[in-house]
>>> print(open('final-v4.txt').read())   # compact mmCIF, C-alpha atoms
# COMPACT_ATOMS: atom_id res chain seq x y z
CA MET E 1 4.39 -14.44 -2.98
CA PRO E 2 1.50 -12.87 -1.06
CA SER E 3 -1.41 -15.04 0.00
CA PHE E 4 -4.96 -14.44 -1.19
CA THR E 5 -8.32 -14.68 0.49
CA ALA E 6 -11.24 -15.04 -1.88
CA ALA E 7 -14.35 -13.06 -1.04
CA SER E 8 -16.41 -15.90 -2.49
CA GLY E 9 -14.67 -18.50 -0.31
CA ILE E 10 -13.07 -20.07 -3.41
CA ASP E 11 -9.38 -19.76 -4.13
CA PRO E 12 -9.37 -17.43 -7.17
CA ILE E 13 -6.23 -19.07 -8.55
CA THR E 14 -7.96 -22.45 -8.90
CA GLU E 15 -11.28 -21.23 -10.32
CA THR E 16 -12.15 -22.30 -13.84
CA GLY E 17 -12.57 -19.51 -16.33
CA PRO E 18 -11.26 -15.98 -15.84
CA LEU E 19 -9.89 -14.78 -12.50
CA SER E 20 -11.54 -11.90 -10.69
CA LEU E 21 -9.78 -8.99 -9.06
CA CYS E 22 -12.88 -8.46 -6.94
CA SER E 23 -12.42 -11.90 -5.36
CA ARG E 24 -8.88 -11.18 -4.21
CA GLN E 25 -7.85 -9.87 -0.79
CA PRO E 26 -4.03 -10.02 -0.86
CA HIS E 27 -2.05 -10.18 2.38
CA VAL E 28 1.58 -8.99 2.15
CA PRO E 29 3.90 -9.71 5.14
CA ALA E 30 5.76 -6.62 6.34
CA ASP E 31 9.22 -8.13 5.83
CA ARG E 32 8.47 -8.65 2.14
CA LEU E 33 7.88 -4.91 1.70
CA VAL E 34 11.64 -4.42 2.02
CA ALA E 35 12.64 -7.36 -0.18
CA GLU E 36 10.27 -6.20 -2.92
CA MET E 37 11.64 -2.65 -3.07
CA VAL E 38 13.20 -3.19 -6.49
CA PRO E 39 12.30 -1.79 -9.93
CA PRO E 40 8.96 -3.23 -11.11
CA PRO E 41 8.90 -5.94 -13.81
CA ARG E 42 8.42 -3.42 -16.63
CA PHE E 43 11.81 -1.97 -15.72
CA ASP E 44 13.72 -5.21 -15.04
CA SER E 45 15.80 -4.93 -18.18
CA VAL E 46 16.05 -1.16 -18.67
CA ARG E 47 19.48 0.39 -18.70
CA PHE E 48 20.92 3.76 -19.66
CA ALA E 49 21.82 2.22 -23.03
CA THR E 50 18.16 1.32 -23.68
CA TYR E 51 16.90 4.85 -23.00
CA LEU E 52 16.36 6.52 -26.38
CA PRO E 53 16.69 10.29 -25.97
CA ASP E 54 14.51 12.44 -28.20
CA PRO E 55 16.99 14.06 -30.62
CA ASP E 56 15.07 17.33 -30.27
CA GLN E 57 15.51 17.31 -26.48
CA PRO E 58 19.21 17.58 -25.52
CA SER E 59 18.31 17.61 -21.81
CA GLN E 60 17.40 13.93 -22.10
CA ARG E 61 20.87 13.00 -23.41
CA ASP E 62 22.54 15.22 -20.80
CA ALA E 63 20.57 13.56 -17.98
CA VAL E 64 21.86 10.13 -18.99
CA GLY E 65 25.45 11.34 -18.78
CA VAL E 66 24.97 12.93 -15.35
CA LEU E 67 23.24 9.84 -13.95
CA GLU E 68 25.91 7.49 -15.29
CA GLY E 69 28.51 9.57 -13.46
CA PHE E 70 26.41 9.63 -10.31
CA ALA E 71 26.06 5.83 -10.34
CA GLY E 72 29.79 5.41 -10.88
CA GLY E 73 30.50 7.52 -7.82
CA LEU E 74 28.48 5.25 -5.53
CA GLY E 75 31.03 2.43 -5.42
CA GLY E 76 32.91 1.42 -2.29
CA ALA E 77 32.13 -0.39 0.92
CA HIS E 78 29.14 0.54 3.03
CA ALA E 79 28.63 0.31 6.73
CA VAL E 80 26.49 -2.81 7.05
CA SER E 81 24.40 -5.05 4.83
CA ALA E 82 20.68 -4.43 4.57
CA ARG E 83 19.97 -7.92 5.90
CA ARG E 84 22.09 -7.38 9.04
CA SER E 85 20.58 -3.95 9.51
CA PHE E 86 17.01 -5.22 9.17
CA PHE E 87 17.39 -7.98 11.73
CA GLY E 88 19.51 -5.87 14.06
CA PHE E 89 22.66 -8.04 14.06
CA GLY E 90 25.80 -6.15 14.94
CA LYS E 91 26.22 -2.42 15.18
CA ALA E 92 26.78 -0.28 12.12
CA ARG E 93 29.81 2.00 12.02
CA ALA E 94 29.11 5.59 11.13
CA PRO E 95 29.94 5.81 7.41
CA LYS E 96 32.05 8.56 5.96
CA VAL E 97 29.67 10.65 3.87
CA PRO E 98 31.26 11.88 0.61
CA ALA E 99 31.33 15.60 -0.03
CA GLY E 100 28.92 17.16 -2.54
CA PRO E 101 25.30 16.36 -3.40
CA ARG E 102 24.18 12.89 -2.35
CA GLY E 103 20.96 13.04 -4.32
CA VAL E 104 19.57 13.67 -7.78
CA TYR E 105 16.08 14.84 -8.62
CA LEU E 106 14.65 14.08 -12.07
CA ASP E 107 12.38 16.97 -13.02
CA GLY E 108 10.06 16.51 -15.97
CA GLY E 109 6.55 15.89 -17.22
CA TYR E 110 4.90 12.49 -17.39
CA GLY E 111 6.05 10.20 -20.16
CA VAL E 112 9.57 11.62 -20.66
CA GLY E 113 11.16 8.48 -19.20
CA LYS E 114 11.92 9.55 -15.63
CA THR E 115 11.11 6.13 -14.19
CA HIS E 116 13.20 4.45 -16.91
CA LEU E 117 16.16 6.62 -15.90
CA LEU E 118 15.56 6.10 -12.18
CA ALA E 119 15.49 2.32 -12.65
CA SER E 120 18.59 2.50 -14.85
CA LEU E 121 20.38 4.31 -12.03
CA TRP E 122 19.37 1.53 -9.64
CA HIS E 123 20.71 -1.13 -12.03
CA ALA E 124 23.94 0.80 -12.72
CA THR E 125 24.82 1.44 -9.08
CA PRO E 126 27.68 -0.93 -8.15
CA ALA E 127 26.09 -2.71 -5.20
CA GLU E 128 24.25 -5.96 -4.62
CA PRO E 129 20.45 -5.68 -4.84
CA ALA E 130 20.06 -6.01 -1.06
CA LEU E 131 21.94 -2.71 -0.69
CA LYS E 132 19.69 -0.78 -3.09
CA ALA E 133 16.01 0.12 -2.71
CA PHE E 134 13.51 1.32 -5.31
CA GLY E 135 9.91 2.23 -4.65
CA THR E 136 7.20 4.81 -4.99
CA PHE E 137 6.56 7.40 -2.33
CA VAL E 138 3.42 5.48 -1.32
CA GLU E 139 5.42 2.27 -0.93
CA LEU E 140 7.95 4.08 1.26
CA THR E 141 5.26 5.51 3.56
CA ASN E 142 3.68 2.05 3.73
CA LEU E 143 7.05 0.65 4.80
CA VAL E 144 7.22 3.17 7.64
CA GLY E 145 3.68 2.21 8.63
CA ALA E 146 4.55 -1.50 8.66
CA LEU E 147 7.95 -1.33 10.39
CA GLY E 148 7.77 1.90 12.38
CA PHE E 149 9.97 4.94 11.81
CA GLN E 150 13.05 3.87 13.76
CA GLN E 151 13.11 0.35 12.31
CA THR E 152 12.77 1.79 8.80
CA VAL E 153 15.76 4.04 9.47
CA ARG E 154 17.80 1.06 10.69
CA THR E 155 16.67 -1.07 7.75
CA LEU E 156 17.53 1.43 5.02
CA SER E 157 20.65 2.96 6.63
CA GLY E 158 22.70 0.04 5.35
CA HIS E 159 21.75 0.78 1.74
CA ARG E 160 23.95 2.38 -0.89
CA LEU E 161 21.04 3.97 -2.78
CA LEU E 162 17.34 4.73 -2.27
CA CYS E 163 15.26 5.60 -5.35
CA ILE E 164 11.83 7.20 -4.79
CA ASP E 165 9.48 7.43 -7.76
CA GLU E 166 6.58 9.93 -7.72
CA PHE E 167 7.40 11.77 -4.51
CA GLU E 168 3.97 12.94 -3.26
CA LEU E 169 4.24 16.69 -2.84
CA ASP E 170 0.48 16.98 -2.35
CA ASP E 171 0.43 15.34 1.12
CA PRO E 172 2.09 17.70 3.65
CA GLY E 173 2.03 15.20 6.52
CA ASP E 174 3.66 12.39 4.58
CA THR E 175 6.11 14.84 2.99
CA VAL E 176 7.37 15.85 6.44
CA LEU E 177 7.56 12.20 7.52
CA VAL E 178 9.56 11.10 4.48
CA SER E 179 11.77 14.21 4.52
CA THR E 180 12.71 13.43 8.13
CA LEU E 181 13.44 9.83 7.15
CA LEU E 182 15.61 10.93 4.23
CA GLY E 183 17.55 13.27 6.50
CA LYS E 184 18.44 10.32 8.74
CA LEU E 185 19.46 8.26 5.71
CA VAL E 186 21.65 11.02 4.27
CA ASP E 187 23.40 11.24 7.63
CA ALA E 188 24.02 7.50 7.36
CA GLY E 189 25.62 7.88 3.92
CA VAL E 190 22.74 6.70 1.75
CA ALA E 191 22.54 8.27 -1.71
CA LEU E 192 19.09 9.41 -2.88
CA ALA E 193 17.33 9.76 -6.22
CA ALA E 194 13.76 10.95 -6.75
CA THR E 195 11.07 12.04 -9.13
CA SER E 196 7.91 13.83 -8.00
CA ASN E 197 4.45 14.97 -8.92
CA THR E 198 3.35 18.63 -8.98
CA LEU E 199 1.89 20.54 -6.05
CA PRO E 200 -1.82 21.41 -6.21
CA GLY E 201 -2.30 24.98 -7.41
CA LYS E 202 0.96 24.93 -9.36
CA LEU E 203 -0.21 22.97 -12.38
CA GLY E 204 -1.07 26.02 -14.45
CA GLU E 205 2.50 27.26 -14.13
CA GLY E 206 4.10 24.43 -16.09
CA ARG E 207 4.90 20.75 -15.83
CA PHE E 208 8.07 21.04 -13.80
CA ALA E 209 8.27 20.77 -10.03
CA ALA E 210 11.91 21.16 -8.97
CA ALA E 211 11.35 24.38 -7.00
CA ASP E 212 8.38 22.85 -5.20
CA PHE E 213 10.26 19.63 -4.47
CA LEU E 214 13.34 21.37 -3.09
CA ARG E 215 11.24 23.67 -0.93
CA GLU E 216 9.03 20.90 0.47
CA ILE E 217 11.96 18.71 1.53
CA GLN E 218 13.35 21.78 3.32
CA GLY E 219 16.75 21.04 4.87
CA LEU E 220 17.48 18.28 2.36
CA SER E 221 17.54 20.55 -0.69
CA ALA E 222 21.31 21.05 -0.54
CA HIS E 223 21.76 17.30 -1.00
CA PHE E 224 19.95 17.21 -4.37
CA ARG E 225 21.02 18.16 -7.85
CA ALA E 226 18.00 18.81 -10.06
CA LEU E 227 18.06 17.45 -13.62
CA ARG E 228 15.38 18.92 -15.86
CA ILE E 229 14.22 16.50 -18.56
CA ASP E 230 12.20 18.12 -21.33
CA GLY E 231 10.07 16.28 -23.85
CA GLU E 232 6.66 14.95 -24.80
CA ASP E 233 5.01 11.79 -23.48
CA TYR E 234 6.99 9.04 -25.23
CA ARG E 235 4.00 6.68 -25.09
CA HIS E 236 2.38 8.80 -27.78
CA ARG E 237 5.55 9.48 -29.76
CA GLY E 238 4.90 8.02 -33.22
CA LEU E 239 2.29 5.54 -31.91
CA PRO E 240 -1.16 4.93 -33.40
CA LYS E 241 -4.28 6.36 -31.81
CA ALA E 242 -5.62 4.41 -28.84
CA PRO E 243 -8.12 1.72 -29.80
CA ALA E 244 -11.81 2.29 -29.19
CA PRO E 245 -13.45 0.21 -26.46
CA TYR E 246 -14.83 -3.20 -27.40
CA SER E 247 -18.27 -4.65 -26.70
CA ASP E 248 -19.08 -6.51 -23.48
CA ASP E 249 -19.33 -9.72 -25.49
CA GLN E 250 -15.90 -9.27 -27.09
CA VAL E 251 -14.27 -8.53 -23.73
CA THR E 252 -15.93 -11.51 -22.06
CA LYS E 253 -14.95 -13.91 -24.85
CA ALA E 254 -11.36 -12.66 -24.76
CA ALA E 255 -11.22 -13.16 -20.98
CA TYR E 256 -12.36 -16.79 -21.28
CA ALA E 257 -9.95 -17.41 -24.16
CA THR E 258 -6.89 -15.93 -22.42
CA GLU E 259 -5.11 -17.99 -19.78
CA GLY E 260 -4.44 -15.94 -16.66
CA ALA E 261 -6.91 -13.17 -17.58
CA SER E 262 -9.23 -11.52 -15.08
CA LEU E 263 -12.76 -10.38 -15.82
CA ASP E 264 -14.55 -7.76 -13.71
CA ASP E 265 -17.33 -5.25 -13.97
CA PHE E 266 -15.66 -1.83 -13.73
CA PRO E 267 -18.01 -0.25 -11.14
CA HIS E 268 -17.68 -3.34 -8.93
CA LEU E 269 -13.89 -3.19 -9.23
CA LEU E 270 -13.88 0.44 -8.11
CA ASP E 271 -15.91 -0.57 -5.05
CA HIS E 272 -13.47 -3.40 -4.32
CA LEU E 273 -10.45 -1.09 -4.48
CA ALA E 274 -11.89 0.81 -1.54
CA ARG E 275 -11.60 -2.37 0.55
CA VAL E 276 -7.95 -3.10 -0.38
CA HIS E 277 -5.11 -0.90 0.85
CA PRO E 278 -3.27 0.70 -2.13
CA SER E 279 0.00 -0.80 -0.87
CA ARG E 280 -1.47 -4.18 -1.88
CA TYR E 281 -2.54 -3.27 -5.40
CA GLY E 282 0.63 -4.76 -6.83
CA ALA E 283 -0.08 -8.05 -5.09
CA LEU E 284 -3.68 -7.79 -6.30
CA THR E 285 -2.40 -8.17 -9.87
CA ASP E 286 0.05 -11.03 -9.24
CA GLY E 287 -0.10 -13.75 -11.85
CA LEU E 288 -2.36 -11.87 -14.25
CA ARG E 289 -1.74 -12.06 -18.01
CA ALA E 290 -4.49 -9.55 -18.85
CA VAL E 291 -7.19 -7.47 -17.17
CA CYS E 292 -10.62 -7.45 -18.84
CA LEU E 293 -13.15 -4.84 -17.74
CA THR E 294 -16.76 -4.37 -18.74
CA ASP E 295 -18.91 -1.26 -18.44
CA VAL E 296 -16.12 1.30 -18.01
CA ARG E 297 -17.76 4.57 -16.96
CA PRO E 298 -16.66 7.90 -15.42
CA VAL E 299 -15.08 7.64 -11.97
CA PRO E 300 -17.60 9.04 -9.46
CA ASP E 301 -15.36 10.91 -7.02
CA GLN E 302 -11.79 11.93 -6.32
CA SER E 303 -11.00 9.30 -3.68
CA THR E 304 -12.01 6.57 -6.12
CA ALA E 305 -10.07 8.27 -8.89
CA LEU E 306 -6.86 8.34 -6.85
CA ARG E 307 -7.21 4.63 -6.06
CA LEU E 308 -7.63 3.91 -9.76
CA VAL E 309 -4.45 5.89 -10.47
CA VAL E 310 -2.49 3.57 -8.16
CA LEU E 311 -3.96 0.47 -9.84
CA ALA E 312 -3.12 1.87 -13.28
CA ASP E 313 0.47 2.42 -12.15
CA ARG E 314 0.81 -1.15 -10.86
CA LEU E 315 -0.68 -2.61 -14.07
CA TYR E 316 1.62 -0.48 -16.20
CA ASP E 317 4.66 -1.45 -14.12
CA ARG E 318 3.82 -5.11 -14.68
CA GLU E 319 2.94 -4.70 -18.38
CA VAL E 320 -0.53 -6.21 -17.92
CA PRO E 321 -2.73 -5.49 -21.00
CA VAL E 322 -6.14 -3.97 -20.28
CA LEU E 323 -9.12 -4.81 -22.51
CA ALA E 324 -12.28 -2.84 -21.84
CA SER E 325 -15.83 -2.10 -22.93
CA GLY E 326 -17.82 1.04 -22.19
CA LEU E 327 -16.27 4.50 -22.39
CA PRO E 328 -12.71 5.13 -23.64
CA PHE E 329 -10.10 5.76 -20.97
CA ASP E 330 -9.76 9.46 -21.79
CA GLN E 331 -13.31 9.92 -20.45
CA LEU E 332 -12.66 8.35 -17.03
CA PHE E 333 -12.09 11.61 -15.17
CA SER E 334 -14.37 14.64 -15.09
CA GLU E 335 -13.35 18.02 -16.45
CA GLU E 336 -13.18 19.30 -12.89
CA MET E 337 -10.74 16.52 -11.94
CA LEU E 338 -8.56 17.22 -14.97
CA LYS E 339 -8.29 20.88 -13.99
CA GLY E 340 -7.73 20.25 -10.28
CA GLY E 341 -4.80 19.62 -8.00
CA TYR E 342 -4.34 15.99 -9.02
CA ARG E 343 -4.47 16.68 -12.73
CA LYS E 344 -1.00 15.31 -13.41
CA LYS E 345 -1.85 11.97 -11.80
CA TYR E 346 -5.02 11.62 -13.85
CA PHE E 347 -3.30 12.39 -17.12
CA ARG E 348 -0.59 9.87 -16.26
CA ALA E 349 -3.26 7.24 -15.59
CA ILE E 350 -4.99 7.98 -18.90
CA SER E 351 -1.66 7.76 -20.71
CA ARG E 352 -0.72 4.46 -19.09
CA LEU E 353 -4.13 2.83 -19.49
CA THR E 354 -4.17 3.89 -23.14
CA ALA E 355 -0.80 2.21 -23.66
CA LEU E 356 -2.08 -0.97 -22.00
CA ALA E 357 -5.23 -0.86 -24.16
CA ARG E 358 -3.01 -0.90 -27.24
CA ASP E 359 -1.18 -3.91 -25.82
CA ALA E 360 -4.52 -5.72 -25.42
CA GLN E 361 -5.60 -5.46 -29.05
CA GLY E 362 -4.23 -8.87 -29.89
CA LEU E 363 -6.54 -10.53 -27.35
CA VAL E 364 -9.62 -9.96 -29.52
CA GLY E 365 -10.10 -12.39 -32.36
CA ASP E 366 -11.24 -11.36 -35.84
>>> encode(input="final-v4.txt", output="structure tokens")
Amino acid sequence: MPSFTAASGIDPITETGPLSLCSRQPHVPADRLVAEMVPPPRFDSVRFATYLPDPDQPSQRDAVGVLEGFAGGLGGAHAVSARRSFFGFGKARAPKVPAGPRGVYLDGGYGVGKTHLLASLWHATPAEPALKAFGTFVELTNLVGALGFQQTVRTLSGHRLLCIDEFELDDPGDTVLVSTLLGKLVDAGVALAATSNTLPGKLGEGRFAAADFLREIQGLSAHFRALRIDGEDYRHRGLPKAPAPYSDDQVTKAAYATEGASLDDFPHLLDHLARVHPSRYGALTDGLRAVCLTDVRPVPDQSTALRLVVLADRLYDREVPVLASGLPFDQLFSEEMLKGGYRKKYFRAISRLTALARDAQGLVGD
């Protein structure tokens, strides 16, 4: 578990009443970044069998079949365990890289279940957890920052599979860095699987990004088979309309009545996020049963908005309900933001926060 430093000087875990995200300054040791590269809690129990394809979208059913076959083909011994590779014991033999594509790319809009399928692939791959890694693009770049490029290559070269969720096509520098890393890992025999966002300027041309992804990773494109997954956002498939925000009083009472809940003023939380590196947002939410926010209002600028997107992802991954007062979540981002280069991220955040708002309805008494 990461350690926390309270801005108030009081350990936030031992305070009476609700916790506060704004009082937490999580510190995550670098070696834990590797150990924690597993599917997030929301996807602990997902499997291919629990993915429910939309009967009107045959591409969803087809993707399951292809991924099951891909996982089955990843059996066999690997060069060296991740633990030995990380600590530098022994010298890895050069593995024999199988012929054919060593990667799959899941190409689809938000809410079609790409992360569910990516996590299912991780679970289905016949290897011990220490030989498989799962993380977002941001988490992978943070790993390189913590360990250094060469140590990251040595650490991950002993893996059977690396899954990258939400490959960030909108950051050219990081794209080159990660593409170079993936090239080294492919040479070492590591299989790859990825999803991605959409490049800025391409959003008006459709929701799919395979051509952009394959072009941006340049020399790696031959190693990927693209699987297009059509469909609508499953979080809204047959579900009731998102609940309206509650009053400040209702949110505050619910926070005090719910063990493990946090209570924060939304503008103050946005300010606090600027002082915590996004790689630590997952640790920021450790131990929370619910997040209660008062005075939700439009996000003031794009940098703040992108930080909020990361927090929304971590809360959704961990299935933490979000109870809020103020404006509804579909009014968080300005019209300009929703038409700009990060549009897909903002719509994903709205979708996920809306789902978590539904989950929080039971926290408010009659």
>>> closest_residue(input="final-v4.txt", among="E:Lys344, E:His159, E:Arg47, E:Lys114", to="Ile229 in chain E", atoms="only C-alpha atoms")
E:Lys114
>>> atom_distance(input="final-v4.txt", atom1="CA of Tyr105 in chain E", atom2="CA of Ala194 in chain E")
4.9 Å
>>> residues_around(input="final-v4.txt", residues="range 274-277 of chain E", least_positions_apart="2", cutoff="8 Å", atoms="only C-alpha atoms", output="list in words")
Gln25, Pro26, Leu270, Asp271, His272, Ser279, Arg280, Tyr281, Thr304 and Arg307 of chain E
>>> atom_distance(input="final-v4.txt", atom1="CA of Asp286 in chain E", atom2="CA of Ala360 in chain E")
17.6 Å
>>> axis_aligned_box(input="final-v4.txt", around="range 303-322 of chain E", padding_each_side="6 Å", output="JSON")
{"center_x": -3.7, "center_y": 1.5, "center_z": -12.3, "size_x": 28.7, "size_y": 27.5, "size_z": 29.3}
